[in-house]
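Have a look at the structure below, then the notes.
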Amino acid sequence: MGDLKDELLKAIWHAFTALDVDHSGKVSKSQLKVQDNFDKIEFNRMCWTLCVKKNLTKSPLLITEEDAFKVWVIFNFLSEDKYPLIIVPEEIEYLLKKLTEAMGGGWQQEQFEHYKINFDDSKDGLSVWELIELIGNGQFSKGMDRQTVSMAINEVFNELILDVLKQGYMMKKGHRRKNWTERWFVLKPNVIYYYVSEDLKDKKGDILLDENCCVEPLPDKDGKKCLFLIKCFDKTFEISASDKKKKQEWIQAIHSTIHLLKLGSPPPHKEARQRRKELRKKLLAEQEELERQMKELQAANENKQQELETVRKKLEEAASRAAEEEKKRLQTQVELQTRFSTELEREKLIRQQMEEQVAQKSSELEQYLQRVRELEDMYLKLQDALEDERQARQDEETVRKLQARLLEEEASKRAELERWHLEQQQAIQMTEAEKQELEQQRVMKEQALQEAMAQLAQLELERKQALEQYEEVKKKLEVATSTTKSWKDKVAHHEGLIRLIEPGSKNPHLITNWGPAAFTQAELEEREKNWKEKKTTE
């Protein structure tokens, strides 16, 4: 009864729209009272009469006005329960498939997909008059004559609107005379009507169906074949089909109808329509949820971009501070070289005694250079991984750590040089008796001082190289950031999806000479471990 009220409300809406009457609040579903003997077809025809002249296209159509009326009623059955009334593309496809099957043709899915591509994106569906024009212009019924199209529309109308599950001629045995007479049978959800002919003008009786009825085949007898029996509460009906196929189709259709009555389910086409509506609602809810998630992802991405911009500015400030410190360090180094130049001239003899230590230090230097080459190899491998923005930040922090270590070593060497200088000054103040004993120590210290100066120069060179590597990594980070943003924009445009940038670790961060590091000590150790395993594998 609820579905019937919805269809009647839609018919009333068409009539009010044609009369230019504001129908909002005039008739509601709760106010509409429908009697059991109400003729909905006549009511629909009355509403059709009020709106057809104003809205039906004047261009010639391949269907009659009666066929257009049936399409109008089918539209009210399949359209969405919101105003203004429209029929969505899924229901249009369902209706055109039913018509094509009724005409005995093959469904052209590619043609319909092309039609959907050219569909107006500003509209969610077609109005009833656009649907009538679509069916009437023969776009999806090419090669079919008017009579075939009309018969297909009538068949679909009978199924969807009149709830005709099956119909056709069969022979029925009389209850009194026991003679066999041809009748036109019409199967509906709870009754089987039989008429003299298919024009349905002269009804001869009906067979009321309920959950207690049953249908079963009968053997051939009395010269009749393809027999089956319908048992009801007070009567039984013997019927003869034209062939075995028709017999099986009728038995199956009646059995399915009785089964639906037992389950209390609606007719198959109404149940299928309800499932399609529920599926569309579910898909719409999922689409809205997806759009909401996309907005959240975009907002999160914008926040991440702002954070990256802040980090970039901090990196620039750190680089500026590093340049100033480098300038101060150079100035201090020049002063130190000037200060110790005279002492180095007098202590050249100690170089011969330091040859063994120099050889040892050379070995250590070779190992250090090997480590530098390994680091260079690591940088080359990191270039291939710059697509990942987070990895690029970790590479940058690795360079910073190297700079910090070099600066720490340089400071340590400088402190050691100052300590040796103080010891030399103290040695000069000793007595002449102690000078001879301390001469050898001074020679060894001078040799160590020379070695430290060489290491200091080497560290200075390495620090410059590290600074150059830092600048190069910073440029690659900017390129990676630009590439990442471009990639995300393409994904958002073509696929409607974008990956959420994962937040960084909340663990305590390292502190370098330039500010907070881009990753923690644990992350650094894990990366170093992975790098060593990968190098061992290679």
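Going by the structure tokens order, chains are called A, B, ..., each with residues numbered from 1, while ligands are numbered from 1 in the order shown.
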
*Running DSSP on the backbone, which parts of stretch 53-245 of chain A land in strand (DSSP E or B), as number ranges by chain?*
A: 87, 126, 166-173, 180-187, 191-195, 203-208, 214-218, 221, 224, 227-231, 236-240

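With only C-alpha atoms taken into account, the protein and nucleic acid residues at most 10 Å from A:Glu93 (excluding it and anything under 2 positions from it in its own chain) are A:Val88, A:Pro89, A:Glu90, A:Glu91, A:Leu95, A:Leu96, A:Lys97, A:Lys98, A:Leu99, A:Trp107, A:Gln109, A:Phe112, A:Glu113, A:Lys116.
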
Mind dumping the selected residues with N, CA and C atoms as a PDB file, in the first residue's frame?
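Generated file (part26.pdb):
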ATOM      1  N   VAL A  88      16.941   7.927 -12.584  1.00  0.00           N
ATOM      2  CA  VAL A  88      18.406   7.909 -12.621  1.00  0.00           C
ATOM      3  C   VAL A  88      18.893   6.985 -13.734  1.00  0.00           C
ATOM      4  N   PRO A  89      20.157   7.134 -14.173  1.00  0.00           N
ATOM      5  CA  PRO A  89      20.668   6.303 -15.280  1.00  0.00           C
ATOM      6  C   PRO A  89      20.569   4.802 -15.023  1.00  0.00           C
ATOM      7  N   GLU A  90      20.725   4.359 -13.768  1.00  0.00           N
ATOM      8  CA  GLU A  90      20.620   2.925 -13.487  1.00  0.00           C
ATOM      9  C   GLU A  90      19.235   2.389 -13.807  1.00  0.00           C
ATOM     10  N   GLU A  91      18.191   3.155 -13.440  1.00  0.00           N
ATOM     11  CA  GLU A  91      16.823   2.728 -13.728  1.00  0.00           C
ATOM     12  C   GLU A  91      16.511   2.844 -15.226  1.00  0.00           C
ATOM     13  N   LEU A  95      15.135  -0.226 -17.462  1.00  0.00           N
ATOM     14  CA  LEU A  95      13.933  -0.162 -18.294  1.00  0.00           C
ATOM     15  C   LEU A  95      14.246  -0.484 -19.756  1.00  0.00           C
ATOM     16  N   LEU A  96      15.342   0.094 -20.284  1.00  0.00           N
ATOM     17  CA  LEU A  96      15.688  -0.170 -21.683  1.00  0.00           C
ATOM     18  C   LEU A  96      16.053  -1.633 -21.905  1.00  0.00           C
ATOM     19  N   LYS A  97      16.681  -2.268 -20.912  1.00  0.00           N
ATOM     20  CA  LYS A  97      16.979  -3.695 -21.022  1.00  0.00           C
ATOM     21  C   LYS A  97      15.694  -4.513 -21.079  1.00  0.00           C
ATOM     22  N   LYS A  98      14.726  -4.167 -20.221  1.00  0.00           N
ATOM     23  CA  LYS A  98      13.447  -4.896 -20.215  1.00  0.00           C
ATOM     24  C   LYS A  98      12.749  -4.751 -21.566  1.00  0.00           C
ATOM     25  N   LEU A  99      12.748  -3.537 -22.118  1.00  0.00           N
ATOM     26  CA  LEU A  99      12.105  -3.314 -23.418  1.00  0.00           C
ATOM     27  C   LEU A  99      12.824  -4.087 -24.525  1.00  0.00           C
ATOM     28  N   TRP A 107      20.805  -6.567 -26.144  1.00  0.00           N
ATOM     29  CA  TRP A 107      21.122  -5.318 -25.443  1.00  0.00           C
ATOM     30  C   TRP A 107      22.488  -4.802 -25.886  1.00  0.00           C
ATOM     31  N   GLN A 109      25.196  -2.714 -24.807  1.00  0.00           N
ATOM     32  CA  GLN A 109      25.765  -2.045 -23.635  1.00  0.00           C
ATOM     33  C   GLN A 109      26.687  -0.900 -24.049  1.00  0.00           C
ATOM     34  N   PHE A 112      24.708   2.197 -24.812  1.00  0.00           N
ATOM     35  CA  PHE A 112      24.197   2.876 -23.620  1.00  0.00           C
ATOM     36  C   PHE A 112      25.331   3.585 -22.883  1.00  0.00           C
ATOM     37  N   GLU A 113      26.526   2.969 -22.829  1.00  0.00           N
ATOM     38  CA  GLU A 113      27.647   3.626 -22.176  1.00  0.00           C
ATOM     39  C   GLU A 113      28.020   4.914 -22.904  1.00  0.00           C
ATOM     40  N   LYS A 116      25.568   7.458 -21.851  1.00  0.00           N
ATOM     41  CA  LYS A 116      25.843   7.968 -20.508  1.00  0.00           C
ATOM     42  C   LYS A 116      26.991   8.966 -20.520  1.00  0.00           C
TER      43      LYS A 116
END

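Residue nearest A:Lys166, chosen from A:Leu56, A:Ile132, A:Leu349, A:Val186 and counting only C-alpha atoms: A:Val186.
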
_What's around A:Glu65 at 12 Å? Count only C-alpha atoms, leave out sequence neighbours fewer than 4 positions away in its own chain, and write the answer as a list in words._
Arg45, Trp48, Thr49, Val52, Lys53, Leu56, Thr57, Lys58, Pro60, Leu61, Phe69, Lys70, Val71, Trp72, Ile132, Glu133, Gly136, Ser150 and Ile153 of chain A

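The gap separating atom CA of A:Glu451 from atom CA of A:Val358 is 7.3 Å, in Å to one decimal.
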
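Atom CA of A:Gln108 is found 8.1 Å from atom CA of A:Phe140.
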